[in-house]
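Asker: Structure file target.cif (mmCIF, N, CA and C atoms) right here:
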data_data
loop_
_atom_site.label_atom_id
_atom_site.label_comp_id
_atom_site.auth_asym_id
_atom_site.auth_seq_id
_atom_site.Cartn_x
_atom_site.Cartn_y
_atom_site.Cartn_z
N MET A 1 0.83 -1.20 0.00
CA MET A 1 0.00 0.00 0.00
C MET A 1 0.87 1.25 0.00
N ALA A 2 2.02 1.20 0.69
CA ALA A 2 2.89 2.38 0.75
C ALA A 2 3.44 2.71 -0.62
N ARG A 3 3.73 1.66 -1.41
CA ARG A 3 4.25 1.90 -2.75
C ARG A 3 3.20 2.60 -3.61
N ASN A 4 1.95 2.16 -3.50
CA ASN A 4 0.86 2.80 -4.26
C ASN A 4 0.65 4.23 -3.80
N ALA A 5 0.79 4.45 -2.49
CA ALA A 5 0.63 5.81 -1.96
C ALA A 5 1.69 6.73 -2.52
N LYS A 6 2.91 6.21 -2.63
CA LYS A 6 3.98 7.03 -3.19
C LYS A 6 3.69 7.36 -4.66
N GLY A 7 3.18 6.37 -5.39
CA GLY A 7 2.85 6.58 -6.80
C GLY A 7 1.75 7.62 -6.99
N ILE A 8 0.72 7.54 -6.18
CA ILE A 8 -0.39 8.49 -6.32
C ILE A 8 0.06 9.88 -5.91
N LYS A 9 0.94 9.97 -4.91
CA LYS A 9 1.44 11.29 -4.50
C LYS A 9 2.28 11.91 -5.61
N THR A 10 3.02 11.08 -6.32
CA THR A 10 3.79 11.58 -7.46
C THR A 10 2.85 12.06 -8.56
N LEU A 11 1.79 11.30 -8.81
CA LEU A 11 0.81 11.72 -9.82
C LEU A 11 0.13 13.04 -9.43
N ILE A 12 -0.15 13.18 -8.15
CA ILE A 12 -0.77 14.43 -7.67
C ILE A 12 0.19 15.59 -7.88
N ARG A 13 1.45 15.39 -7.53
CA ARG A 13 2.44 16.45 -7.70
C ARG A 13 2.59 16.84 -9.17
N LEU A 14 2.65 15.84 -10.04
CA LEU A 14 2.75 16.11 -11.48
C LEU A 14 1.49 16.80 -12.01
N SER A 15 0.35 16.38 -11.51
CA SER A 15 -0.90 17.00 -11.95
C SER A 15 -1.00 18.45 -11.49
N LYS A 16 -0.52 18.73 -10.28
CA LYS A 16 -0.52 20.11 -9.81
C LYS A 16 0.38 20.97 -10.68
N PHE A 17 1.53 20.42 -11.05
CA PHE A 17 2.44 21.14 -11.94
C PHE A 17 1.75 21.39 -13.29
N ASN A 18 1.06 20.37 -13.78
CA ASN A 18 0.35 20.49 -15.06
C ASN A 18 -0.74 21.57 -14.99
N VAL A 19 -1.49 21.58 -13.89
CA VAL A 19 -2.53 22.59 -13.71
C VAL A 19 -1.91 23.99 -13.67
N ASP A 20 -0.82 24.13 -12.93
CA ASP A 20 -0.14 25.43 -12.85
C ASP A 20 0.35 25.88 -14.23
N GLU A 21 0.89 24.94 -15.00
CA GLU A 21 1.37 25.27 -16.34
C GLU A 21 0.21 25.71 -17.24
N LYS A 22 -0.91 25.02 -17.15
CA LYS A 22 -2.09 25.39 -17.94
C LYS A 22 -2.60 26.77 -17.52
N ARG A 23 -2.54 27.08 -16.24
CA ARG A 23 -2.94 28.41 -15.76
C ARG A 23 -2.03 29.49 -16.32
N ARG A 24 -0.72 29.19 -16.35
CA ARG A 24 0.22 30.17 -16.91
C ARG A 24 -0.06 30.43 -18.38
N VAL A 25 -0.34 29.38 -19.13
CA VAL A 25 -0.66 29.53 -20.55
C VAL A 25 -1.92 30.37 -20.71
N LEU A 26 -2.94 30.05 -19.93
CA LEU A 26 -4.20 30.80 -20.01
C LEU A 26 -3.98 32.27 -19.66
N THR A 27 -3.22 32.52 -18.61
CA THR A 27 -2.93 33.91 -18.21
C THR A 27 -2.19 34.65 -19.31
N SER A 28 -1.26 33.99 -19.95
CA SER A 28 -0.50 34.59 -21.05
C SER A 28 -1.43 34.95 -22.21
N LEU A 29 -2.33 34.05 -22.53
CA LEU A 29 -3.28 34.31 -23.61
C LEU A 29 -4.24 35.45 -23.25
N GLN A 30 -4.67 35.49 -22.01
CA GLN A 30 -5.55 36.57 -21.58
C GLN A 30 -4.82 37.92 -21.62
N THR A 31 -3.55 37.91 -21.30
CA THR A 31 -2.74 39.13 -21.40
C THR A 31 -2.63 39.57 -22.85
N ALA A 32 -2.45 38.61 -23.75
CA ALA A 32 -2.39 38.93 -25.18
C ALA A 32 -3.72 39.51 -25.65
N GLU A 33 -4.83 38.96 -25.18
CA GLU A 33 -6.15 39.48 -25.52
C GLU A 33 -6.30 40.92 -25.02
N ASP A 34 -5.89 41.16 -23.80
CA ASP A 34 -5.97 42.51 -23.23
C ASP A 34 -5.14 43.50 -24.05
N GLN A 35 -3.97 43.05 -24.50
CA GLN A 35 -3.10 43.92 -25.31
C GLN A 35 -3.75 44.25 -26.65
N ILE A 36 -4.35 43.26 -27.28
CA ILE A 36 -5.03 43.49 -28.56
C ILE A 36 -6.19 44.47 -28.36
N LEU A 37 -6.96 44.28 -27.31
CA LEU A 37 -8.08 45.18 -27.03
C LEU A 37 -7.58 46.61 -26.77
N ALA A 38 -6.46 46.72 -26.06
CA ALA A 38 -5.89 48.05 -25.81
C ALA A 38 -5.41 48.68 -27.12
N ASP A 39 -4.81 47.87 -27.99
CA ASP A 39 -4.37 48.37 -29.30
C ASP A 39 -5.56 48.83 -30.14
N ILE A 40 -6.64 48.08 -30.10
CA ILE A 40 -7.85 48.46 -30.85
C ILE A 40 -8.39 49.78 -30.31
N ASP A 41 -8.44 49.90 -28.99
CA ASP A 41 -8.94 51.12 -28.37
C ASP A 41 -8.06 52.32 -28.76
N HIS A 42 -6.75 52.12 -28.72
CA HIS A 42 -5.82 53.19 -29.09
C HIS A 42 -6.01 53.58 -30.56
N ALA A 43 -6.18 52.60 -31.42
CA ALA A 43 -6.37 52.87 -32.85
C ALA A 43 -7.68 53.62 -33.08
N GLU A 44 -8.72 53.29 -32.32
CA GLU A 44 -10.00 53.99 -32.43
C GLU A 44 -9.84 55.47 -32.07
N HIS A 45 -9.14 55.71 -30.97
CA HIS A 45 -8.91 57.10 -30.56
C HIS A 45 -8.07 57.84 -31.60
N ARG A 46 -7.07 57.17 -32.12
CA ARG A 46 -6.21 57.78 -33.14
C ARG A 46 -7.02 58.12 -34.38
N LEU A 47 -7.95 57.22 -34.78
CA LEU A 47 -8.80 57.48 -35.95
C LEU A 47 -9.65 58.72 -35.72
N ILE A 48 -10.21 58.85 -34.54
CA ILE A 48 -11.05 60.02 -34.23
C ILE A 48 -10.22 61.30 -34.32
N GLU A 49 -8.99 61.25 -33.80
CA GLU A 49 -8.11 62.42 -33.89
C GLU A 49 -7.81 62.78 -35.35
N GLU A 50 -7.52 61.76 -36.15
CA GLU A 50 -7.22 61.99 -37.57
C GLU A 50 -8.43 62.56 -38.31
N GLN A 51 -9.62 62.07 -37.95
CA GLN A 51 -10.84 62.60 -38.58
C GLN A 51 -11.02 64.08 -38.25
N LYS A 52 -10.75 64.44 -37.00
CA LYS A 52 -10.87 65.85 -36.60
C LYS A 52 -9.86 66.70 -37.36
N ILE A 53 -8.63 66.21 -37.47
CA ILE A 53 -7.59 66.95 -38.19
C ILE A 53 -7.96 67.10 -39.66
N ALA A 54 -8.45 66.02 -40.26
CA ALA A 54 -8.81 66.05 -41.69
C ALA A 54 -9.99 66.98 -41.92
N ALA A 55 -10.95 67.00 -41.03
CA ALA A 55 -12.11 67.88 -41.17
C ALA A 55 -11.70 69.34 -41.03
N ALA A 56 -10.73 69.60 -40.19
CA ALA A 56 -10.30 70.98 -39.95
C ALA A 56 -9.50 71.52 -41.15
N ASP A 57 -8.80 70.67 -41.86
CA ASP A 57 -7.96 71.11 -42.98
C ASP A 57 -8.21 70.21 -44.18
N ALA A 58 -9.37 70.37 -44.79
CA ALA A 58 -9.79 69.51 -45.89
C ALA A 58 -8.88 69.64 -47.10
N THR A 59 -8.30 70.80 -47.35
CA THR A 59 -7.48 70.99 -48.55
C THR A 59 -6.04 70.51 -48.34
N GLY A 60 -5.52 70.62 -47.12
CA GLY A 60 -4.13 70.24 -46.87
C GLY A 60 -4.00 68.76 -46.54
N VAL A 61 -4.33 68.42 -45.33
CA VAL A 61 -4.17 67.05 -44.84
C VAL A 61 -5.39 66.21 -45.20
N GLY A 62 -6.50 66.83 -45.38
CA GLY A 62 -7.76 66.12 -45.60
C GLY A 62 -7.74 65.18 -46.77
N TYR A 63 -7.06 65.54 -47.84
CA TYR A 63 -7.08 64.65 -49.00
C TYR A 63 -6.28 63.36 -48.75
N LEU A 64 -5.41 63.35 -47.75
CA LEU A 64 -4.64 62.14 -47.40
C LEU A 64 -5.42 61.22 -46.46
N TYR A 65 -6.51 61.71 -45.93
CA TYR A 65 -7.26 60.93 -44.96
C TYR A 65 -7.78 59.62 -45.55
N GLY A 66 -8.19 59.63 -46.79
CA GLY A 66 -8.72 58.41 -47.43
C GLY A 66 -7.71 57.27 -47.37
N ALA A 67 -6.44 57.56 -47.68
CA ALA A 67 -5.41 56.53 -47.63
C ALA A 67 -5.19 56.08 -46.18
N TYR A 68 -5.21 57.04 -45.27
CA TYR A 68 -5.04 56.70 -43.85
C TYR A 68 -6.18 55.78 -43.39
N HIS A 69 -7.40 56.10 -43.77
CA HIS A 69 -8.55 55.31 -43.34
C HIS A 69 -8.49 53.90 -43.91
N ARG A 70 -8.07 53.74 -45.16
CA ARG A 70 -7.93 52.39 -45.73
C ARG A 70 -6.88 51.59 -44.96
N ALA A 71 -5.75 52.21 -44.68
CA ALA A 71 -4.69 51.54 -43.92
C ALA A 71 -5.19 51.20 -42.51
N TRP A 72 -5.92 52.13 -41.91
CA TRP A 72 -6.47 51.90 -40.57
C TRP A 72 -7.44 50.71 -40.59
N ARG A 73 -8.31 50.69 -41.61
CA ARG A 73 -9.31 49.62 -41.73
C ARG A 73 -8.61 48.25 -41.92
N ASP A 74 -7.57 48.21 -42.74
CA ASP A 74 -6.83 46.96 -42.94
C ASP A 74 -6.19 46.50 -41.62
N HIS A 75 -5.61 47.46 -40.91
CA HIS A 75 -4.98 47.14 -39.62
C HIS A 75 -6.04 46.66 -38.63
N ARG A 76 -7.18 47.29 -38.65
CA ARG A 76 -8.27 46.90 -37.74
C ARG A 76 -8.77 45.50 -38.06
N ASN A 77 -8.89 45.17 -39.33
CA ASN A 77 -9.30 43.82 -39.72
C ASN A 77 -8.27 42.79 -39.23
N GLU A 78 -7.01 43.16 -39.32
CA GLU A 78 -5.93 42.30 -38.84
C GLU A 78 -6.05 42.10 -37.31
N GLN A 79 -6.34 43.19 -36.61
CA GLN A 79 -6.50 43.09 -35.15
C GLN A 79 -7.72 42.24 -34.79
N ASP A 80 -8.80 42.39 -35.56
CA ASP A 80 -9.99 41.58 -35.30
C ASP A 80 -9.70 40.09 -35.50
N ARG A 81 -8.95 39.77 -36.55
CA ARG A 81 -8.58 38.36 -36.78
C ARG A 81 -7.69 37.85 -35.65
N ALA A 82 -6.75 38.67 -35.22
CA ALA A 82 -5.88 38.28 -34.12
C ALA A 82 -6.69 38.08 -32.84
N LEU A 83 -7.67 38.94 -32.61
CA LEU A 83 -8.52 38.83 -31.43
C LEU A 83 -9.34 37.54 -31.47
N LEU A 84 -9.92 37.23 -32.63
CA LEU A 84 -10.68 35.99 -32.76
C LEU A 84 -9.77 34.78 -32.53
N ASN A 85 -8.57 34.84 -33.07
CA ASN A 85 -7.62 33.75 -32.92
C ASN A 85 -7.24 33.55 -31.45
N VAL A 86 -6.91 34.63 -30.77
CA VAL A 86 -6.50 34.50 -29.36
C VAL A 86 -7.67 34.07 -28.49
N ARG A 87 -8.87 34.49 -28.83
CA ARG A 87 -10.04 34.05 -28.05
C ARG A 87 -10.30 32.57 -28.25
N ALA A 88 -10.08 32.07 -29.45
CA ALA A 88 -10.21 30.62 -29.69
C ALA A 88 -9.15 29.87 -28.89
N GLN A 89 -7.94 30.42 -28.84
CA GLN A 89 -6.88 29.79 -28.05
C GLN A 89 -7.21 29.83 -26.57
N ILE A 90 -7.81 30.92 -26.12
CA ILE A 90 -8.22 31.04 -24.71
C ILE A 90 -9.26 29.97 -24.38
N GLU A 91 -10.21 29.79 -25.25
CA GLU A 91 -11.25 28.78 -25.03
C GLU A 91 -10.63 27.39 -24.94
N ALA A 92 -9.70 27.10 -25.85
CA ALA A 92 -9.02 25.80 -25.82
C ALA A 92 -8.19 25.66 -24.55
N ALA A 93 -7.53 26.74 -24.14
CA ALA A 93 -6.71 26.70 -22.92
C ALA A 93 -7.59 26.50 -21.69
N ARG A 94 -8.77 27.10 -21.68
CA ARG A 94 -9.70 26.89 -20.56
C ARG A 94 -10.14 25.43 -20.49
N ASP A 95 -10.42 24.85 -21.66
CA ASP A 95 -10.80 23.44 -21.69
C ASP A 95 -9.66 22.56 -21.19
N ASP A 96 -8.44 22.87 -21.62
CA ASP A 96 -7.27 22.10 -21.17
C ASP A 96 -7.10 22.22 -19.66
N LEU A 97 -7.26 23.44 -19.15
CA LEU A 97 -7.13 23.66 -17.71
C LEU A 97 -8.21 22.90 -16.95
N ALA A 98 -9.43 22.93 -17.44
CA ALA A 98 -10.52 22.21 -16.77
C ALA A 98 -10.24 20.71 -16.74
N GLU A 99 -9.73 20.18 -17.84
CA GLU A 99 -9.41 18.75 -17.90
C GLU A 99 -8.28 18.41 -16.93
N ALA A 100 -7.25 19.23 -16.90
CA ALA A 100 -6.13 19.00 -15.99
C ALA A 100 -6.60 19.08 -14.54
N TYR A 101 -7.49 20.01 -14.25
CA TYR A 101 -8.01 20.16 -12.90
C TYR A 101 -8.85 18.93 -12.51
N ARG A 102 -9.68 18.45 -13.44
CA ARG A 102 -10.48 17.25 -13.17
C ARG A 102 -9.56 16.05 -12.87
N GLU A 103 -8.50 15.94 -13.65
CA GLU A 103 -7.54 14.85 -13.44
C GLU A 103 -6.90 14.96 -12.06
N LEU A 104 -6.49 16.16 -11.69
CA LEU A 104 -5.90 16.38 -10.38
C LEU A 104 -6.88 15.99 -9.28
N LYS A 105 -8.12 16.44 -9.41
CA LYS A 105 -9.12 16.13 -8.38
C LYS A 105 -9.36 14.63 -8.28
N THR A 106 -9.32 13.93 -9.41
CA THR A 106 -9.49 12.47 -9.39
C THR A 106 -8.39 11.82 -8.56
N TYR A 107 -7.15 12.25 -8.79
CA TYR A 107 -6.03 11.71 -8.02
C TYR A 107 -6.15 12.06 -6.54
N GLU A 108 -6.54 13.29 -6.25
CA GLU A 108 -6.67 13.71 -4.85
C GLU A 108 -7.77 12.93 -4.13
N VAL A 109 -8.88 12.71 -4.81
CA VAL A 109 -9.97 11.94 -4.20
C VAL A 109 -9.52 10.49 -3.98
N THR A 110 -8.81 9.94 -4.95
CA THR A 110 -8.30 8.58 -4.81
C THR A 110 -7.36 8.50 -3.61
N GLN A 111 -6.48 9.47 -3.47
CA GLN A 111 -5.54 9.51 -2.34
C GLN A 111 -6.30 9.63 -1.02
N ALA A 112 -7.29 10.49 -0.98
CA ALA A 112 -8.08 10.67 0.24
C ALA A 112 -8.80 9.37 0.60
N ASN A 113 -9.35 8.68 -0.39
CA ASN A 113 -10.03 7.41 -0.12
C ASN A 113 -9.05 6.37 0.40
N ARG A 114 -7.86 6.32 -0.18
CA ARG A 114 -6.85 5.37 0.30
C ARG A 114 -6.45 5.68 1.73
N GLU A 115 -6.24 6.95 2.02
CA GLU A 115 -5.87 7.33 3.39
C GLU A 115 -6.98 6.98 4.37
N LYS A 116 -8.23 7.18 3.95
CA LYS A 116 -9.37 6.85 4.80
C LYS A 116 -9.41 5.34 5.06
N GLN A 117 -9.20 4.56 4.02
CA GLN A 117 -9.19 3.11 4.19
C GLN A 117 -8.05 2.67 5.12
N GLU A 118 -6.89 3.28 4.96
CA GLU A 118 -5.76 2.95 5.82
C GLU A 118 -6.06 3.30 7.28
N ARG A 119 -6.68 4.47 7.51
CA ARG A 119 -7.06 4.86 8.88
C ARG A 119 -8.07 3.88 9.45
N GLU A 120 -9.07 3.53 8.63
CA GLU A 120 -10.09 2.60 9.10
C GLU A 120 -9.47 1.24 9.44
N GLU A 121 -8.54 0.78 8.60
CA GLU A 121 -7.86 -0.50 8.86
C GLU A 121 -7.03 -0.42 10.14
N ALA A 122 -6.31 0.69 10.32
CA ALA A 122 -5.51 0.87 11.54
C ALA A 122 -6.43 0.93 12.77
N ASP A 123 -7.55 1.63 12.65
CA ASP A 123 -8.50 1.71 13.77
C ASP A 123 -9.08 0.34 14.08
N ARG A 124 -9.37 -0.43 13.06
CA ARG A 124 -9.93 -1.78 13.25
C ARG A 124 -8.92 -2.67 13.97
N LYS A 125 -7.65 -2.61 13.53
CA LYS A 125 -6.60 -3.42 14.17
C LYS A 125 -6.39 -2.99 15.62
N GLU A 126 -6.43 -1.68 15.86
CA GLU A 126 -6.28 -1.19 17.22
C GLU A 126 -7.44 -1.66 18.10
N GLN A 127 -8.65 -1.64 17.55
CA GLN A 127 -9.81 -2.09 18.31
C GLN A 127 -9.70 -3.58 18.63
N ILE A 128 -9.23 -4.38 17.66
CA ILE A 128 -9.04 -5.81 17.90
C ILE A 128 -8.03 -6.01 19.03
N PHE A 129 -6.93 -5.25 18.98
CA PHE A 129 -5.90 -5.34 20.02
C PHE A 129 -6.47 -4.97 21.39
N LEU A 130 -7.22 -3.85 21.43
CA LEU A 130 -7.80 -3.41 22.71
C LEU A 130 -8.82 -4.42 23.22
N ASP A 131 -9.60 -5.02 22.31
CA ASP A 131 -10.56 -6.05 22.72
C ASP A 131 -9.83 -7.26 23.31
N GLU A 132 -8.72 -7.61 22.66
CA GLU A 132 -7.92 -8.74 23.15
C GLU A 132 -7.35 -8.45 24.53
N VAL A 133 -6.85 -7.24 24.73
CA VAL A 133 -6.32 -6.84 26.04
C VAL A 133 -7.44 -6.89 27.07
N GLY A 134 -8.59 -6.39 26.72
CA GLY A 134 -9.73 -6.40 27.64
C GLY A 134 -10.16 -7.81 27.99
N MET A 135 -10.19 -8.70 27.01
CA MET A 135 -10.57 -10.10 27.27
C MET A 135 -9.55 -10.79 28.17
N THR A 136 -8.26 -10.47 27.91
CA THR A 136 -7.21 -11.07 28.73
C THR A 136 -7.35 -10.61 30.18
N GLN A 137 -7.58 -9.34 30.38
CA GLN A 137 -7.75 -8.82 31.74
C GLN A 137 -8.98 -9.43 32.40
N PHE A 138 -10.06 -9.59 31.65
CA PHE A 138 -11.29 -10.18 32.18
C PHE A 138 -11.03 -11.61 32.61
N ARG A 139 -10.34 -12.39 31.75
CA ARG A 139 -10.05 -13.77 32.08
C ARG A 139 -9.18 -13.87 33.34
N ARG A 140 -8.18 -12.98 33.45
CA ARG A 140 -7.31 -13.00 34.62
C ARG A 140 -8.09 -12.69 35.90
N ARG A 141 -9.00 -11.73 35.80
CA ARG A 141 -9.82 -11.40 36.95
C ARG A 141 -10.73 -12.57 37.32
N GLU A 142 -11.30 -13.21 36.29
CA GLU A 142 -12.17 -14.36 36.55
C GLU A 142 -11.38 -15.50 37.18
N GLU A 143 -10.15 -15.73 36.67
CA GLU A 143 -9.31 -16.80 37.24
C GLU A 143 -8.93 -16.45 38.67
N ALA A 144 -8.61 -15.17 38.91
CA ALA A 144 -8.22 -14.75 40.25
C ALA A 144 -9.40 -14.86 41.19
N ALA A 145 -10.58 -14.55 40.73
CA ALA A 145 -11.77 -14.62 41.57
C ALA A 145 -12.14 -16.06 41.85
N SER A 146 -11.97 -16.95 40.87
CA SER A 146 -12.32 -18.35 41.10
C SER A 146 -11.27 -19.05 41.97
N GLU A 147 -10.03 -18.57 41.98
CA GLU A 147 -8.99 -19.13 42.84
C GLU A 147 -9.13 -18.61 44.28
N GLY A 148 -9.64 -17.42 44.38
CA GLY A 148 -9.63 -16.77 45.66
C GLY A 148 -10.81 -16.85 46.48
#
Would you write the structure of this file as structure tokens?
Answerer:
Amino acid sequence: MARNAKGIKTLIRLSKFNVDEKRRVLTSLQTAEDQILADIDHAEHRLIEEQKIAAADATGVGYLYGAYHRAWRDHRNEQDRALLNVRAQIEAARDDLAEAYRELKTYEVTQANREKQEREEADRKEQIFLDEVGMTQFRRREEAASEG
């Protein structure tokens, strides 16, 4: 039983490491998502500024706004694709993390059940021993009483 306990404890330790690694991956992907969202927000603000500048000077800078807007739109489409991609990766990472966590919990429950069985077995053996001691003392008292 001790050998099995050592094996399950190793599996638990490895599973905890696996869960931690999956959490790190998920956190990294969420950070990437936050960065993309911040970039999109920054680009939106920049577009509004450029629109104001172009409206204020239609003859000078304004005629270049069309090219800027096309480039901005292409960049925005690229950011949207990147956002969809990272969100799909986040979903997959969440599924991986959930699976790793379920595996860890399975090992932990198995270990807890084994420990409970070992305690129950030890308690049973102790009770048998105490019963034997009690019976021996009872017999000695009975023998002493019948002799005396």
Asker: Using all atoms listed in the file, which residue out of A:Ala71, A:Lys6, A:Val86, A:Glu78 lies closest to Glu33 (chain A)?
Answerer: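 When distances to Glu33 (chain A) are compared using all atoms listed in the file, the smallest one comes from A:Val86.
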Asker: In Å to one decimal, how far is atom C of Val19 (chain A) from atom C of Asp96 (chain A)?
Answerer: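 Computed distance, atom C of Asp96 (chain A) to atom C of Val19 (chain A), equals 8.1 Å.
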Asker: What does the distance between atom C of Leu29 (chain A) and atom C of Tyr107 (chain A) come to in Å, to one decimal place?
Answerer: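 Computing it gives 28.8 Å between the two atoms.
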Asker: Between A:Ala145, A:Glu21, A:His69, A:Glu132, single out the one closest to Leu47 (chain A), counting only N, CA and C atoms.
Answerer: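 Nearest to Leu47 (chain A): A:His69.
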Asker: For Arg13 (chain A), which of A:Ala32, A:Leu84, A:Leu104, A:Ala92 is the closest residue, counting all atoms listed in the file?
Answerer: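 The answer is A:Leu104, which sits nearest to Arg13 (chain A).
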Asker: Could you check how far CA of Trp72 (chain A) sits from CA of Glu50 (chain A), in Å to one decimal?
Answerer: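 So the answer is 10.6 Å.
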